[in-house]
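Q: The structure's right below; bear with me while I get my questions together.
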Amino acid sequence: MSYFTDLVTNCAIWVPIMTWMIAQVAKMIVNLCVEKKFELERLIGDGGMPSAHSATVSALMAIIGWGCGFGSPLFAVATMFAVVVVHDATGVRREAGKHATSILQIVESLN
């Protein structure tokens, strides 16, 4: 029973999960304001801003820093993990934008 209690009370799990949920709700609200349409699938879908991936790993990094110390090896691992995820998320968005631009140019040239 101790394992279950440890899991339920572990801030390093729940804070990132809650952060992910907040980012997904914010994404749905942003989509509602910009696109003027309500899309419930934005709650679980990937892509768009804010980045739920980046928010989640940033929250994980922060909670580990506060809990274990900002000089701990665990914080160093969490930081490197966050850097990789945020860098990758940024790169994917940049490349998706390039692809969208190229596709629009092809469509315009065909018309």
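Quick note on naming: the chains in the structure tokens go A, B, ... in the order shown, residues restart at 1 in each chain, and ligands are numbered from 1 in order of appearance.
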Please provide the set of residues having any atom within 8 Å of segment 20-26 of chain A, restricted to only C-alpha atoms, with same-chain residues fewer than 4 positions apart removed, written as a list of chain:residue names.

A: A:Pro16, A:Val30, A:Arg42, A:Leu43, A:Ile44, A:Pro50, A:Ser51, A:Ala52, A:His53, A:Ala55, A:Thr56

Q: Got a sec: who's within 12 Å of Ser58 of chain A, counting only C-alpha atoms, leaving out chain neighbours fewer than 2 positions off, as a PyMOL selection string?

A: chain A and resi 12+15-17+19-20+23+51-56+60-65+75+78-86

Q: Write out as a ChimeraX atom specification all residues of segment 40-90 of chain A that backbone DSSP assigns to alpha helix (DSSP H).

A: /A:52-68,73-90

Q: Just to confirm, what's the straight-line distance from atom CA of Cys11 of chain A to atom CA of Gly69 of chain A in Å (one decimal)?

A: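 Separating atom CA of Cys11 of chain A from atom CA of Gly69 of chain A is a distance of 14.4 Å.
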